[in-house]
Amino acid sequence: MRHFLTLFSIFCVCSNIFGQNFEFGRISRSDFSATPLDSNANAIVLKEFGQSSVFVDDYDHRIKLMHEYHVVIRINNKEGFKKANFEIPSYKRGSYIRDHLDELKAVTYNLENGQIEQTELEKKKVYKENYSAYLELNKFTLPNIKEGSIIEVSYRTLEQDLFNFKTWEFQDDIPKLQSQYIAIIPASFTYNVVLRGPYKLADQKGEVLKEYIFLDGIRMDCSKISYSMANIPAFEEEDFMTSPKNFKSAIYYELESIFYPSNGVKKTFSKTWKDVDTELMNEKTFGGQIKKTELFKTTLSTLLLPNDTKLEKANKIYDYIKKQIKWNNYLGKYAESGIEKALEKRTGNIGDINLSLVTALQAADLAAYPIILSTRRNGTPNSLFPVLSDFDYVIACVDIDGIKYKLDASNSYLPFGSLPLQCLNERGRIIYSKKSSDWFPLIADELSEQYYTLTGVLNDHGQIKGTLTISSLGNKALLKRQHIAKFNSLEEYWEKLDEEMPNISFTNAKIEHLNEVDQVLNEEFNIILDVNKLNGNNIFSLAPNVIDRIAYNPFKIQDRTYPVDMGFKSKLQYNIQLEIPEQYEVTEKPQNVSLTLPESAARYKYMTQVNGNKLEIFGSLNFNKPIFTVDEYFSLKELYSRIIQQQKLDIRLTTKK
């Protein structure tokens with residue numbers, strides 16, 4: 001959920017729940033007592049304050065952003081100890097540190113024999129880590145941490161990123177009793193402000209600070225806006241979600257414009273999509289690369305045949321780029337090395353690879369375009385106004401007879417027209433060269449499928465000897481191929497598989513279509529499966545799901561405030577056919593069930609039947625859409641609970657009387 005706020009709107013002034021920055025060191029014995037929000041919390045924020053303000057640095061006369069931060073956290077148990085670890089980023093350019101950290105204070109408080117004892121962090125225990133060419137981390141850990149400790153940290157940073165001002169996250173992975181953020185912004189600056197998340201502000205108010213800052217040769221006013229939230233629940237991450245920042249309650253800023261009173265000029269930073277399109281196509285690491293079609297003319301003359309259809313041409317070019325340029329594990333919408341060097345060195349980032357693909361397709365006179373997108377972990381791109389920094393990836397799109405195929409040549413195991421899960425993040429922006437760009441849906445059309453087939457014989461010794469076949473399609477096949485590729489050989493992969501299934505022995509194995517990524521991936525094993533014996537040799541106990549049994553419910557939290565995003569529609573099916581000894585009969589088995597969610601959004605089926613000495617077990621679990629809403633969460637959670645309960649019931653075979 002997003003709420004659009006305007007910076008200079010008329011604010012509704014409520015009672016001031018929180019004051020200004022609280023005094024450091026004012027810890028009382030009552031702070032060590034639990035609150036209702038403490039239930040199941042490893043730690044809890046008792047107070048949190050932040051303030052960001054634009055100022056002119058007297059040292060280098062640059063306009064900068066000063067950010068003050070102050071927090072008090074109670075550590076409830078050992079799992080909460082990690083909250084005593086801090087990493088404060090400082091961005092840099094080469095050897096020049098653009099951002100600075102100062103005025104750091106950090107203290108641990110412990111309640112000992114009714115008295116509060118404090119331990120200060122020593123300055124020498126703060127160290128810097130050169131994380132990358134652009135980022136340095138200031139790291140420290142609070143001393144003398146115990147269960148029940150309270151830590152207090154405050155610091156100030158001087159930063160140069162005025163465009164995004166400062167994101168303030170009200171919500172974290174631990175609950176907060178109170179959180180307040182103040183933004184002080186010159187009257188000549190205009191920001192777009194977005195409040196994301198499910199929780200509303202407890203208090204919001206604004207005031208004008210007269211002649212607060214000397215800027216552009218004059219003393220000008222500033223707007224002071226205060227935002228507060230109280231009793232904020234922890235944000236709990238679960239399976240099947242995109243970036244947490246899409247759903248946490250937080251305030252985001254984007255600089256729209258700056259007005260310079262000295263010359264009456266207004267500089268606009270917030271662009272229209274038309275502006276972004278022009279910028280991208282004029283950028284030498286983006287549009288400049290797509291113009292280099294001559295690099296592929298010679299290759300295409302030998303790669304393509306005169307009678308090839310458009311689809312055949314596109315497939316051949318796609319396979320060529322996949323083999324020619326290996327991904328160096330760096331993302332990016334821009335070409336890092338450039339197409340020419342990437343082809344020469346046979347390695348490059350995502351931009352190098354997929355802009356090469358677009359260029360090669362265009363060189364073959366195919367209608368191809370780049371699509372910029374934001375990966376799932378990077379968050380959903382802003383739909384209210386263009387923010388180019390939201391996008392961290394680029395793919396290719398080729399239009400053949402009105403069908404737009406989405407292509408990513410960075411993964412050798414991706415079939416033509418498929419995308420990896422990280423790219424399926426609602427929407428991207430397709431960049432046309434001769435008309436305005438447009439939003440492009442990034443939802444998987446294909447089904448992710450896996451089929452297990454086991455045929456065998458149960459002997460008198462309690463062993464099933466037979467053949468297991470696993471067939472994988474779509475994303476399941478992609479993940480399986482990527483997993484197998486991590487091993488030095490197929491034999492090593494099979495040995496590992498044998499280790500992971502202690503009750504099953506593999507006596508022989510083979511695999512089909514490992515490298516034919518557009519084909520079904522088939523694995524076939526000769527297996528020996530040990531069956532549980534009860535009461536001597538009179539009773540066999542057989543799990544109905546001998547392979548891929550659902551052992552846990554991925555949905556645990558009481559209320560989920562964000563959708564369940566599986567990425568793909570999926571189908572899991574298993575079929576077991578066993579020949580049982582003549583002297584045994586099935587005396588207990590799980591009931592046949594068919595569970596269906598409303599509108600057939602998901603369905604589970606299980607059936608057991610006996611024909612003479614043949615035991616047949618059939619099961620399937622289908623998710624018929626990739627995304628489930630918050631309102632459907634409880635139904636999904638209940639579906640998994642019932643499946644797990646049903647799969648706990650074994651089949652019993654007893655000797656005939």
# chains A, B, ... in the order shown; residues from 1 in each chain; ligands from 1

call {"tool": "closest_atom_pairs", "arguments": {"of": "stretch 35-128 of chain A", "to": "stretch 219-242 of chain A", "cutoff": "10 Å", "atoms": "only C-alpha atoms", "output": "JSON lines"}}
result
{"residue": "A:Pro36", "atom": "CA", "partner": "A:Asn231", "partner_atom": "CA", "distance": 9.3}
{"residue": "A:Leu37", "atom": "CA", "partner": "A:Pro233", "partner_atom": "CA", "distance": 7.2}
{"residue": "A:Asp38", "atom": "CA", "partner": "A:Pro233", "partner_atom": "CA", "distance": 9.7}
{"residue": "A:Ala41", "atom": "CA", "partner": "A:Ala234", "partner_atom": "CA", "distance": 8.1}
{"residue": "A:Ala43", "atom": "CA", "partner": "A:Ala234", "partner_atom": "CA", "distance": 9.9}
{"residue": "A:Ile44", "atom": "CA", "partner": "A:Ala234", "partner_atom": "CA", "distance": 8.9}
{"residue": "A:Val45", "atom": "CA", "partner": "A:Ile232", "partner_atom": "CA", "distance": 9.5}
{"residue": "A:Leu46", "atom": "CA", "partner": "A:Asn231", "partner_atom": "CA", "distance": 9.7}
{"residue": "A:Lys47", "atom": "CA", "partner": "A:Ala230", "partner_atom": "CA", "distance": 9.7}
{"residue": "A:Glu48", "atom": "CA", "partner": "A:Ser228", "partner_atom": "CA", "distance": 9.9}
{"residue": "A:Phe49", "atom": "CA", "partner": "A:Ser228", "partner_atom": "CA", "distance": 9.3}
{"residue": "A:Gly50", "atom": "CA", "partner": "A:Ser226", "partner_atom": "CA", "distance": 9.9}
{"residue": "A:Gln51", "atom": "CA", "partner": "A:Ser226", "partner_atom": "CA", "distance": 8.9}
{"residue": "A:Ser52", "atom": "CA", "partner": "A:Lys224", "partner_atom": "CA", "distance": 9.8}
{"residue": "A:Ser53", "atom": "CA", "partner": "A:Lys224", "partner_atom": "CA", "distance": 8.9}
{"residue": "A:Val54", "atom": "CA", "partner": "A:Cys222", "partner_atom": "CA", "distance": 9.2}

call {"tool": "residues_around", "arguments": {"residues": "A:Asp631", "least_positions_apart": "3", "cutoff": "12 Å", "atoms": "only C-alpha atoms", "output": "NGL selection string"}}
result
:A and (559-564 or 598 or 627-628 or 634-637)

call {"tool": "write_last_selection", "arguments": {"atoms": "C-alpha atoms", "output": "PDB file, in the first residue's frame"}}
result
ATOM      1  CA  ASP A 559      -1.705 -12.079   9.901  1.00  0.00           C
ATOM      2  CA  ARG A 560       0.253 -11.517   6.703  1.00  0.00           C
ATOM      3  CA  THR A 561       0.054  -7.944   5.400  1.00  0.00           C
ATOM      4  CA  TYR A 562       1.548  -8.647   1.965  1.00  0.00           C
ATOM      5  CA  PRO A 563       0.562 -11.029  -0.870  1.00  0.00           C
ATOM      6  CA  VAL A 564       1.845 -14.560  -1.409  1.00  0.00           C
ATOM      7  CA  PRO A 598     -12.380 -20.742  -3.964  1.00  0.00           C
ATOM      8  CA  ILE A 627      -0.072 -14.548  -6.705  1.00  0.00           C
ATOM      9  CA  PHE A 628      -2.523 -14.846  -3.808  1.00  0.00           C
ATOM     10  CA  PHE A 634      -5.628 -17.902   5.745  1.00  0.00           C
ATOM     11  CA  SER A 635      -7.078 -20.326   3.171  1.00  0.00           C
ATOM     12  CA  LEU A 636      -3.578 -21.128   1.873  1.00  0.00           C
ATOM     13  CA  LYS A 637      -2.293 -21.619   5.396  1.00  0.00           C
TER      14      LYS A 637
END

call {"tool": "atom_distance", "arguments": {"atom1": "atom CA of A:Pro544", "atom2": "atom CA of A:Thr507"}}
result
22.2 Å

call {"tool": "select_by_dssp", "arguments": {"residues": "stretch 197-348 of chain A", "states": "alpha helix (DSSP H)", "output": "PyMOL selection string"}}
result
chain A and resi 273-282+287-290+297-303+310-324+339-345

call {"tool": "residues_around", "arguments": {"residues": "A:Leu534", "least_positions_apart": "5", "cutoff": "12 Å", "atoms": "only C-alpha atoms", "output": "PDB file with all heavy atoms, in the first residue's frame"}}
result
ATOM      1  N   GLY A 462      10.562 -56.331   3.519  1.00  0.00           N
ATOM      2  CA  GLY A 462      10.261 -54.933   3.796  1.00  0.00           C
ATOM      3  C   GLY A 462      11.025 -53.953   2.941  1.00  0.00           C
ATOM      4  O   GLY A 462      11.345 -52.858   3.382  1.00  0.00           O
ATOM      5  N   ILE A 539       3.456 -56.549  10.196  1.00  0.00           N
ATOM      6  CA  ILE A 539       2.887 -55.274   9.735  1.00  0.00           C
ATOM      7  C   ILE A 539       3.970 -54.436   9.050  1.00  0.00           C
ATOM      8  O   ILE A 539       5.070 -54.272   9.577  1.00  0.00           O
ATOM      9  CB  ILE A 539       2.287 -54.464  10.915  1.00  0.00           C
ATOM     10  CG1 ILE A 539       1.177 -55.266  11.616  1.00  0.00           C
ATOM     11  CG2 ILE A 539       1.741 -53.127  10.421  1.00  0.00           C
ATOM     12  CD1 ILE A 539       0.637 -54.592  12.859  1.00  0.00           C
ATOM     13  N   PHE A 540       3.641 -53.913   7.875  1.00  0.00           N
ATOM     14  CA  PHE A 540       4.473 -52.930   7.189  1.00  0.00           C
ATOM     15  C   PHE A 540       3.781 -51.573   7.278  1.00  0.00           C
ATOM     16  O   PHE A 540       2.556 -51.478   7.123  1.00  0.00           O
ATOM     17  CB  PHE A 540       4.666 -53.282   5.710  1.00  0.00           C
ATOM     18  CG  PHE A 540       5.515 -54.494   5.471  1.00  0.00           C
ATOM     19  CD1 PHE A 540       5.221 -55.377   4.447  1.00  0.00           C
ATOM     20  CD2 PHE A 540       6.623 -54.746   6.265  1.00  0.00           C
ATOM     21  CE1 PHE A 540       6.007 -56.500   4.219  1.00  0.00           C
ATOM     22  CE2 PHE A 540       7.418 -55.864   6.045  1.00  0.00           C
ATOM     23  CZ  PHE A 540       7.107 -56.747   5.023  1.00  0.00           C
ATOM     24  N   SER A 541       4.559 -50.536   7.546  1.00  0.00           N
ATOM     25  CA  SER A 541       4.027 -49.173   7.589  1.00  0.00           C
ATOM     26  C   SER A 541       4.698 -48.363   6.488  1.00  0.00           C
ATOM     27  O   SER A 541       5.913 -48.175   6.497  1.00  0.00           O
ATOM     28  CB  SER A 541       4.297 -48.540   8.959  1.00  0.00           C
ATOM     29  OG  SER A 541       3.793 -47.223   9.003  1.00  0.00           O
ATOM     30  N   LEU A 542       3.902 -47.885   5.546  1.00  0.00           N
ATOM     31  CA  LEU A 542       4.422 -47.215   4.346  1.00  0.00           C
ATOM     32  C   LEU A 542       3.887 -45.789   4.267  1.00  0.00           C
ATOM     33  O   LEU A 542       2.674 -45.564   4.311  1.00  0.00           O
ATOM     34  CB  LEU A 542       4.010 -48.000   3.095  1.00  0.00           C
ATOM     35  CG  LEU A 542       4.290 -47.364   1.727  1.00  0.00           C
ATOM     36  CD1 LEU A 542       5.788 -47.253   1.499  1.00  0.00           C
ATOM     37  CD2 LEU A 542       3.631 -48.158   0.606  1.00  0.00           C
ATOM     38  N   ARG A 652      -0.902 -49.049   6.198  1.00  0.00           N
ATOM     39  CA  ARG A 652      -0.464 -50.251   6.919  1.00  0.00           C
ATOM     40  C   ARG A 652      -0.888 -51.503   6.165  1.00  0.00           C
ATOM     41  O   ARG A 652      -2.030 -51.632   5.733  1.00  0.00           O
ATOM     42  CB  ARG A 652      -1.028 -50.268   8.334  1.00  0.00           C
ATOM     43  CG  ARG A 652      -0.411 -49.204   9.223  1.00  0.00           C
ATOM     44  CD  ARG A 652      -0.581 -49.523  10.687  1.00  0.00           C
ATOM     45  NE  ARG A 652       0.147 -48.566  11.516  1.00  0.00           N
ATOM     46  CZ  ARG A 652       0.287 -48.676  12.829  1.00  0.00           C
ATOM     47  NH1 ARG A 652      -0.259 -49.699  13.463  1.00  0.00           N
ATOM     48  NH2 ARG A 652       0.965 -47.776  13.509  1.00  0.00           N
ATOM     49  N   LEU A 653       0.072 -52.414   6.039  1.00  0.00           N
ATOM     50  CA  LEU A 653      -0.182 -53.702   5.418  1.00  0.00           C
ATOM     51  C   LEU A 653       0.049 -54.782   6.467  1.00  0.00           C
ATOM     52  O   LEU A 653       1.106 -54.809   7.122  1.00  0.00           O
ATOM     53  CB  LEU A 653       0.753 -53.939   4.224  1.00  0.00           C
ATOM     54  CG  LEU A 653       0.560 -53.027   3.002  1.00  0.00           C
ATOM     55  CD1 LEU A 653       1.324 -51.729   3.163  1.00  0.00           C
ATOM     56  CD2 LEU A 653       1.008 -53.730   1.736  1.00  0.00           C
ATOM     57  N   THR A 654      -0.922 -55.644   6.649  1.00  0.00           N
ATOM     58  CA  THR A 654      -0.874 -56.677   7.685  1.00  0.00           C
ATOM     59  C   THR A 654      -1.025 -58.047   7.041  1.00  0.00           C
ATOM     60  O   THR A 654      -1.735 -58.199   6.031  1.00  0.00           O
ATOM     61  CB  THR A 654      -2.001 -56.452   8.715  1.00  0.00           C
ATOM     62  OG1 THR A 654      -1.953 -55.095   9.165  1.00  0.00           O
ATOM     63  CG2 THR A 654      -1.861 -57.382   9.904  1.00  0.00           C
ATOM     64  N   THR A 655      -0.365 -59.050   7.623  1.00  0.00           N
ATOM     65  CA  THR A 655      -0.504 -60.413   7.083  1.00  0.00           C
ATOM     66  C   THR A 655      -1.946 -60.873   7.224  1.00  0.00           C
ATOM     67  O   THR A 655      -2.620 -60.619   8.225  1.00  0.00           O
ATOM     68  CB  THR A 655       0.422 -61.387   7.827  1.00  0.00           C
ATOM     69  OG1 THR A 655       0.187 -61.288   9.230  1.00  0.00           O
ATOM     70  CG2 THR A 655       1.881 -61.076   7.544  1.00  0.00           C
TER      71      THR A 655
END

call {"tool": "residues_around", "arguments": {"residues": "A:His100", "least_positions_apart": "3", "cutoff": "10 Å", "atoms": "only C-alpha atoms", "output": "NGL selection string"}}
result
:A and (66 or 88-92 or 97 or 138 or 156-160)

call {"tool": "residues_around", "arguments": {"residues": "A:Asn246", "least_positions_apart": "6", "cutoff": "9 Å", "atoms": "only C-alpha atoms", "output": "list in words"}}
result
Met1, Arg196, Gly197, Asn378, Gly379, Thr380 and Tyr562 of chain A

call {"tool": "write_last_selection", "arguments": {"atoms": "all heavy atoms", "output": "PDB file, in the first residue's frame"}}
result
ATOM      1  N   MET A   1       0.850  -1.191   0.000  1.00  0.00           N
ATOM      2  CA  MET A   1       0.000   0.000   0.000  1.00  0.00           C
ATOM      3  C   MET A   1       0.880   1.234   0.000  1.00  0.00           C
ATOM      4  O   MET A   1       1.842   1.314   0.732  1.00  0.00           O
ATOM      5  CB  MET A   1      -0.903  -0.002   1.229  1.00  0.00           C
ATOM      6  CG  MET A   1      -1.872   1.163   1.285  1.00  0.00           C
ATOM      7  SD  MET A   1      -2.793   1.146   2.839  1.00  0.00           S
ATOM      8  CE  MET A   1      -3.636  -0.411   2.718  1.00  0.00           C
ATOM      9  N   ARG A 196       4.709   4.212   2.358  1.00  0.00           N
ATOM     10  CA  ARG A 196       4.350   2.831   2.027  1.00  0.00           C
ATOM     11  C   ARG A 196       3.990   2.071   3.291  1.00  0.00           C
ATOM     12  O   ARG A 196       4.371   2.440   4.382  1.00  0.00           O
ATOM     13  CB  ARG A 196       5.526   2.111   1.352  1.00  0.00           C
ATOM     14  CG  ARG A 196       5.861   2.582  -0.046  1.00  0.00           C
ATOM     15  CD  ARG A 196       6.975   1.722  -0.614  1.00  0.00           C
ATOM     16  NE  ARG A 196       7.382   2.157  -1.942  1.00  0.00           N
ATOM     17  CZ  ARG A 196       8.380   1.620  -2.626  1.00  0.00           C
ATOM     18  NH1 ARG A 196       9.061   0.617  -2.117  1.00  0.00           N
ATOM     19  NH2 ARG A 196       8.698   2.075  -3.817  1.00  0.00           N
ATOM     20  N   GLY A 197       3.299   0.950   3.089  1.00  0.00           N
ATOM     21  CA  GLY A 197       3.038   0.045   4.197  1.00  0.00           C
ATOM     22  C   GLY A 197       1.613   0.093   4.694  1.00  0.00           C
ATOM     23  O   GLY A 197       0.836   0.981   4.341  1.00  0.00           O
ATOM     24  N   ASN A 378      15.038  -6.079  -5.149  1.00  0.00           N
ATOM     25  CA  ASN A 378      15.299  -4.642  -5.230  1.00  0.00           C
ATOM     26  C   ASN A 378      14.055  -3.807  -4.978  1.00  0.00           C
ATOM     27  O   ASN A 378      14.152  -2.610  -4.710  1.00  0.00           O
ATOM     28  CB  ASN A 378      15.871  -4.296  -6.612  1.00  0.00           C
ATOM     29  CG  ASN A 378      16.398  -2.888  -6.698  1.00  0.00           C
ATOM     30  OD1 ASN A 378      17.233  -2.484  -5.901  1.00  0.00           O
ATOM     31  ND2 ASN A 378      15.906  -2.128  -7.663  1.00  0.00           N
ATOM     32  N   GLY A 379      12.880  -4.411  -5.057  1.00  0.00           N
ATOM     33  CA  GLY A 379      11.635  -3.684  -4.815  1.00  0.00           C
ATOM     34  C   GLY A 379      10.881  -3.370  -6.093  1.00  0.00           C
ATOM     35  O   GLY A 379      11.420  -3.458  -7.200  1.00  0.00           O
ATOM     36  N   THR A 380       9.628  -3.004  -5.948  1.00  0.00           N
ATOM     37  CA  THR A 380       8.772  -2.680  -7.085  1.00  0.00           C
ATOM     38  C   THR A 380       9.036  -1.254  -7.554  1.00  0.00           C
ATOM     39  O   THR A 380       9.105  -0.337  -6.729  1.00  0.00           O
ATOM     40  CB  THR A 380       7.287  -2.809  -6.692  1.00  0.00           C
ATOM     41  OG1 THR A 380       7.061  -4.111  -6.155  1.00  0.00           O
ATOM     42  CG2 THR A 380       6.392  -2.607  -7.895  1.00  0.00           C
ATOM     43  N   TYR A 562       1.071  -8.743   3.340  1.00  0.00           N
ATOM     44  CA  TYR A 562       1.548  -8.647   1.965  1.00  0.00           C
ATOM     45  C   TYR A 562       1.167  -9.923   1.219  1.00  0.00           C
ATOM     46  O   TYR A 562       0.963 -10.981   1.834  1.00  0.00           O
ATOM     47  CB  TYR A 562       3.068  -8.427   1.925  1.00  0.00           C
ATOM     48  CG  TYR A 562       3.856  -9.352   2.816  1.00  0.00           C
ATOM     49  CD1 TYR A 562       4.350 -10.566   2.334  1.00  0.00           C
ATOM     50  CD2 TYR A 562       4.106  -9.020   4.147  1.00  0.00           C
ATOM     51  CE1 TYR A 562       5.068 -11.423   3.154  1.00  0.00           C
ATOM     52  CE2 TYR A 562       4.824  -9.870   4.970  1.00  0.00           C
ATOM     53  CZ  TYR A 562       5.306 -11.069   4.466  1.00  0.00           C
ATOM     54  OH  TYR A 562       6.009 -11.915   5.277  1.00  0.00           O
TER      55      TYR A 562
END

call {"tool": "decode", "arguments": {"residues": "stretch 24-81 of chain A", "atoms": "C-alpha atoms", "output": "PDB file, in the first residue's frame"}}
result
ATOM      1  CA  PHE A  24      20.800  10.405  25.907  1.00  0.00           C
ATOM      2  CA  GLY A  25      21.253   8.222  29.001  1.00  0.00           C
ATOM      3  CA  ARG A  26      17.794   8.702  30.499  1.00  0.00           C
ATOM      4  CA  ILE A  27      17.210   4.991  31.171  1.00  0.00           C
ATOM      5  CA  SER A  28      15.002   3.961  34.108  1.00  0.00           C
ATOM      6  CA  ARG A  29      14.312   0.615  35.771  1.00  0.00           C
ATOM      7  CA  SER A  30      10.831   0.592  34.246  1.00  0.00           C
ATOM      8  CA  ASP A  31      12.457   0.369  30.777  1.00  0.00           C
ATOM      9  CA  PHE A  32      13.567  -3.170  31.670  1.00  0.00           C
ATOM     10  CA  SER A  33       9.928  -4.288  32.126  1.00  0.00           C
ATOM     11  CA  ALA A  34       8.064  -6.155  29.382  1.00  0.00           C
ATOM     12  CA  THR A  35       5.241  -4.590  27.339  1.00  0.00           C
ATOM     13  CA  PRO A  36       2.387  -6.193  25.358  1.00  0.00           C
ATOM     14  CA  LEU A  37       4.483  -5.800  22.161  1.00  0.00           C
ATOM     15  CA  ASP A  38       7.245  -7.934  23.699  1.00  0.00           C
ATOM     16  CA  SER A  39       5.336 -11.177  23.187  1.00  0.00           C
ATOM     17  CA  ASN A  40       7.578 -13.504  21.107  1.00  0.00           C
ATOM     18  CA  ALA A  41       9.906 -10.585  20.278  1.00  0.00           C
ATOM     19  CA  ASN A  42      13.662 -11.223  20.439  1.00  0.00           C
ATOM     20  CA  ALA A  43      14.201  -7.502  20.975  1.00  0.00           C
ATOM     21  CA  ILE A  44      12.111  -4.343  21.007  1.00  0.00           C
ATOM     22  CA  VAL A  45      12.722  -0.683  20.151  1.00  0.00           C
ATOM     23  CA  LEU A  46      11.676   1.438  23.122  1.00  0.00           C
ATOM     24  CA  LYS A  47      12.367   4.805  21.488  1.00  0.00           C
ATOM     25  CA  GLU A  48      13.586   5.856  18.072  1.00  0.00           C
ATOM     26  CA  PHE A  49      14.242   9.299  16.669  1.00  0.00           C
ATOM     27  CA  GLY A  50      15.631  10.554  13.390  1.00  0.00           C
ATOM     28  CA  GLN A  51      16.064  13.983  11.857  1.00  0.00           C
ATOM     29  CA  SER A  52      17.321  14.913   8.397  1.00  0.00           C
ATOM     30  CA  SER A  53      18.050  18.460   7.289  1.00  0.00           C
ATOM     31  CA  VAL A  54      19.635  20.174   4.303  1.00  0.00           C
ATOM     32  CA  PHE A  55      22.601  22.405   5.161  1.00  0.00           C
ATOM     33  CA  VAL A  56      25.637  24.088   3.600  1.00  0.00           C
ATOM     34  CA  ASP A  57      28.953  22.630   4.784  1.00  0.00           C
ATOM     35  CA  ASP A  58      31.304  25.462   5.840  1.00  0.00           C
ATOM     36  CA  TYR A  59      34.316  23.282   4.993  1.00  0.00           C
ATOM     37  CA  ASP A  60      33.732  22.710   1.278  1.00  0.00           C
ATOM     38  CA  HIS A  61      30.607  24.896   0.756  1.00  0.00           C
ATOM     39  CA  ARG A  62      28.657  21.928  -0.622  1.00  0.00           C
ATOM     40  CA  ILE A  63      24.952  21.453   0.001  1.00  0.00           C
ATOM     41  CA  LYS A  64      24.649  18.292   2.110  1.00  0.00           C
ATOM     42  CA  LEU A  65      22.226  16.289   4.180  1.00  0.00           C
ATOM     43  CA  MET A  66      22.723  15.982   7.924  1.00  0.00           C
ATOM     44  CA  HIS A  67      21.040  12.941   9.448  1.00  0.00           C
ATOM     45  CA  GLU A  68      20.775  12.368  13.194  1.00  0.00           C
ATOM     46  CA  TYR A  69      19.762   8.990  14.583  1.00  0.00           C
ATOM     47  CA  HIS A  70      19.017   7.918  18.166  1.00  0.00           C
ATOM     48  CA  VAL A  71      17.599   4.576  19.295  1.00  0.00           C
ATOM     49  CA  VAL A  72      17.039   2.613  22.512  1.00  0.00           C
ATOM     50  CA  ILE A  73      16.572  -1.159  22.152  1.00  0.00           C
ATOM     51  CA  ARG A  74      15.916  -3.798  24.813  1.00  0.00           C
ATOM     52  CA  ILE A  75      17.433  -7.223  24.091  1.00  0.00           C
ATOM     53  CA  ASN A  76      14.999  -9.893  25.293  1.00  0.00           C
ATOM     54  CA  ASN A  77      16.895 -13.105  24.540  1.00  0.00           C
ATOM     55  CA  LYS A  78      19.992 -14.528  22.844  1.00  0.00           C
ATOM     56  CA  GLU A  79      18.285 -14.417  19.436  1.00  0.00           C
ATOM     57  CA  GLY A  80      18.072 -10.662  19.909  1.00  0.00           C
ATOM     58  CA  PHE A  81      21.836 -10.269  20.440  1.00  0.00           C
TER      59      PHE A  81
END
